[in-house]
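*Asks:* I am attaching a structure below and will ask some questions about it afterwards.
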Amino acid sequence: MFSVKNGFLGFTYSGGVDIGNVTEGISTRWKAIGKTIGVVVTNAVAGTAATQVKTDWYESLEKPSFQPPEWVFPVAWTALYTDIAAVTGLSLADLAEKENDEDYNSLRTALIANAVLNFGWSFLFFTAKKPAIATVEAAALACSSWDLARRAMKVNRNRGLWLLPYGGWCTFATVLTGALWWLNRD
């Protein structure tokens, strides 16, 4: 039996001779990882569909001086969605293997709530064109993102640290959304 702990991204591998247990563990891991990828990809597709930056309404908005260039958003979100899927998927897989149903269900619920809030911001801002409400919603998303990182760090601290940029980005998005609302209020 050998064990590698706190490796790349905080992955932990513990190997032994009993192939039956390894196969059973892989099945449990892949189910948790696959479901997480499904949630994140669905959220990314729905959010992208709701995000229309090439509209007269959006282009007419006065932007704050700290607004990043347009190309930054898809690059940042691709990295963040990948990060969310990897870290949360592996954390859920660890909890499933340990049969820690309480923490598994809690993290899964937090992920789904975060995905709903994430899509909600895109819908409220770009589709409904309600920047004031989107600012409040963005603040809730930021809190949810920090909570997701906290929960992942509880499972594996090193791996969970990789979600901190997501909380930071959502906090920045709250400030940016608030500035867009303030500069363009009627």
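Here's how to read the names in the structure tokens: chain A, B, ... by the order shown, residue numbers from 1 in each chain, ligand numbers from 1 in the order shown.
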I need the residues of chain A that end up classed as strand (DSSP E) by DSSP on the backbone, written out as a ChimeraX atom specification.

*Replies:* /A:2-4,13-15

*Asks:* Quick one: residues within 7 Å of region 113-127 of chain A, only C-alpha atoms, excluding same-chain residues fewer than 2 positions away - as a PDB file with N, CA and C atoms, in the first residue's frame?

*Replies:*
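For reference, part-v7.pdb as written:
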ATOM      1  N   ASN A  43     -24.714  25.347 -16.982  1.00  0.00           N
ATOM      2  CA  ASN A  43     -24.686  26.729 -16.513  1.00  0.00           C
ATOM      3  C   ASN A  43     -23.929  27.631 -17.492  1.00  0.00           C
ATOM      4  N   ALA A  46     -26.098  28.109 -20.677  1.00  0.00           N
ATOM      5  CA  ALA A  46     -27.256  28.977 -20.400  1.00  0.00           C
ATOM      6  C   ALA A  46     -26.822  30.422 -20.172  1.00  0.00           C
ATOM      7  N   GLY A  47     -25.753  30.608 -19.412  1.00  0.00           N
ATOM      8  CA  GLY A  47     -25.250  31.959 -19.154  1.00  0.00           C
ATOM      9  C   GLY A  47     -24.761  32.636 -20.415  1.00  0.00           C
ATOM     10  N   ALA A  50     -27.641  33.836 -22.463  1.00  0.00           N
ATOM     11  CA  ALA A  50     -28.298  35.026 -21.891  1.00  0.00           C
ATOM     12  C   ALA A  50     -27.426  36.275 -21.979  1.00  0.00           C
ATOM     13  N   THR A  51     -26.153  36.107 -22.300  1.00  0.00           N
ATOM     14  CA  THR A  51     -25.200  37.223 -22.326  1.00  0.00           C
ATOM     15  C   THR A  51     -25.054  37.743 -23.753  1.00  0.00           C
ATOM     16  N   GLN A  52     -25.651  38.882 -24.011  1.00  0.00           N
ATOM     17  CA  GLN A  52     -25.586  39.485 -25.344  1.00  0.00           C
ATOM     18  C   GLN A  52     -24.918  40.855 -25.238  1.00  0.00           C
ATOM     19  N   THR A 109     -25.586  20.981  -3.111  1.00  0.00           N
ATOM     20  CA  THR A 109     -26.617  22.021  -3.050  1.00  0.00           C
ATOM     21  C   THR A 109     -25.988  23.404  -3.246  1.00  0.00           C
ATOM     22  N   ALA A 110     -24.831  23.624  -2.631  1.00  0.00           N
ATOM     23  CA  ALA A 110     -24.128  24.906  -2.789  1.00  0.00           C
ATOM     24  C   ALA A 110     -23.718  25.122  -4.246  1.00  0.00           C
ATOM     25  N   LEU A 111     -23.279  24.069  -4.927  1.00  0.00           N
ATOM     26  CA  LEU A 111     -22.901  24.175  -6.338  1.00  0.00           C
ATOM     27  C   LEU A 111     -24.114  24.539  -7.193  1.00  0.00           C
ATOM     28  N   LYS A 129     -32.278  43.498 -18.546  1.00  0.00           N
ATOM     29  CA  LYS A 129     -31.730  44.861 -18.538  1.00  0.00           C
ATOM     30  C   LYS A 129     -32.056  45.583 -17.232  1.00  0.00           C
ATOM     31  N   LYS A 130     -31.776  44.909 -16.122  1.00  0.00           N
ATOM     32  CA  LYS A 130     -32.044  45.423 -14.771  1.00  0.00           C
ATOM     33  C   LYS A 130     -30.741  45.476 -13.970  1.00  0.00           C
ATOM     34  N   PRO A 131     -29.859  46.435 -14.258  1.00  0.00           N
ATOM     35  CA  PRO A 131     -28.566  46.483 -13.583  1.00  0.00           C
ATOM     36  C   PRO A 131     -28.645  46.644 -12.061  1.00  0.00           C
ATOM     37  N   ALA A 134     -29.496  43.279 -10.771  1.00  0.00           N
ATOM     38  CA  ALA A 134     -28.345  42.428 -11.079  1.00  0.00           C
ATOM     39  C   ALA A 134     -27.189  42.694 -10.122  1.00  0.00           C
ATOM     40  N   GLU A 137     -27.995  40.777  -7.027  1.00  0.00           N
ATOM     41  CA  GLU A 137     -27.830  39.364  -7.351  1.00  0.00           C
ATOM     42  C   GLU A 137     -26.347  39.008  -7.465  1.00  0.00           C
ATOM     43  N   ALA A 138     -25.551  39.897  -8.024  1.00  0.00           N
ATOM     44  CA  ALA A 138     -24.108  39.664  -8.141  1.00  0.00           C
ATOM     45  C   ALA A 138     -23.457  39.559  -6.758  1.00  0.00           C
ATOM     46  N   LEU A 141     -24.168  36.182  -5.580  1.00  0.00           N
ATOM     47  CA  LEU A 141     -23.291  35.251  -6.300  1.00  0.00           C
ATOM     48  C   LEU A 141     -21.885  35.282  -5.708  1.00  0.00           C
ATOM     49  N   SER A 144     -21.926  33.376  -2.538  1.00  0.00           N
ATOM     50  CA  SER A 144     -22.052  31.958  -2.858  1.00  0.00           C
ATOM     51  C   SER A 144     -20.720  31.391  -3.368  1.00  0.00           C
ATOM     52  N   SER A 145     -19.989  32.175  -4.136  1.00  0.00           N
ATOM     53  CA  SER A 145     -18.704  31.720  -4.687  1.00  0.00           C
ATOM     54  C   SER A 145     -17.658  31.561  -3.587  1.00  0.00           C
TER      55      SER A 145
END

*Asks:* Hey, which of A:Ala132, A:Ala96, A:Ala142, A:Leu163 ends up closest to Ile33 (chain A)? Count only C-alpha atoms.

*Replies:* A:Ala96

*Asks:* Work out how far CA of Leu90 (chain A) is from CA of Lys31 (chain A), in Å to one decimal.

*Replies:* 10.6 Å

*Asks:* List as a CSV table (one decimal) with N, CA and C atoms, in the first residue's frame the protein and nucleic acid residues near Ala76 (chain A), meaning an atom at most 12 Å away when only C-alpha atoms are counted, but skip any in the same chain fewer than 6 places from it.

*Replies:*
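Generated output (around.csv):
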chain,number,residue,atom,x,y,z
A,68,PRO,N,-12.8,45.9,-17.8
A,68,PRO,CA,-11.8,45.2,-18.6
A,68,PRO,C,-12.2,45.2,-20.1
A,69,PRO,N,-11.3,45.0,-21.0
A,69,PRO,CA,-11.6,44.9,-22.4
A,69,PRO,C,-12.5,43.7,-22.6
A,70,GLU,N,-13.3,43.8,-23.7
A,70,GLU,CA,-14.3,42.7,-23.9
A,70,GLU,C,-13.8,41.3,-24.0
A,82,THR,N,-13.9,26.0,-15.8
A,82,THR,CA,-13.0,24.8,-15.7
A,82,THR,C,-12.6,24.5,-14.3
A,83,ASP,N,-12.2,25.6,-13.6
A,83,ASP,CA,-11.8,25.5,-12.2
A,83,ASP,C,-13.0,25.0,-11.3
A,165,PRO,N,-9.9,32.5,-6.8
A,165,PRO,CA,-10.1,33.5,-7.8
A,165,PRO,C,-11.5,33.6,-8.3
A,166,TYR,N,-12.3,32.6,-8.2
A,166,TYR,CA,-13.8,32.7,-8.6
A,166,TYR,C,-14.5,33.7,-7.6
A,168,GLY,N,-13.1,36.1,-6.0
A,168,GLY,CA,-12.5,37.4,-6.3
A,168,GLY,C,-13.2,38.0,-7.6
A,169,TRP,N,-13.3,37.1,-8.6
A,169,TRP,CA,-13.9,37.6,-9.8
A,169,TRP,C,-15.3,38.0,-9.6
A,170,CYS,N,-16.1,37.2,-8.9
A,170,CYS,CA,-17.5,37.6,-8.6
A,170,CYS,C,-17.6,38.8,-7.8
A,173,ALA,N,-17.1,41.5,-10.2
A,173,ALA,CA,-18.3,41.7,-11.0
A,173,ALA,C,-19.4,42.4,-10.3

*Asks:* Choose the residue, out of A:Tyr81, A:Pro64, A:Val41, A:Glu97, that has the smallest atom-to-atom separation from Arg29 (chain A); count only C-alpha atoms.

*Replies:*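 Of the candidates, the smallest distance to Arg29 (chain A) is held by A:Glu97.
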
*Asks:* Show which residues sit within 8 Å of Asn156 (chain A), as a list in words. Count only C-alpha atoms, and ignore same-chain residues fewer than 3 positions away.

*Replies:*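 Near Asn156 (chain A), the qualifying residues are Gly10, Ser91, Ala152, Met153, Arg159 and Gly160 of chain A.
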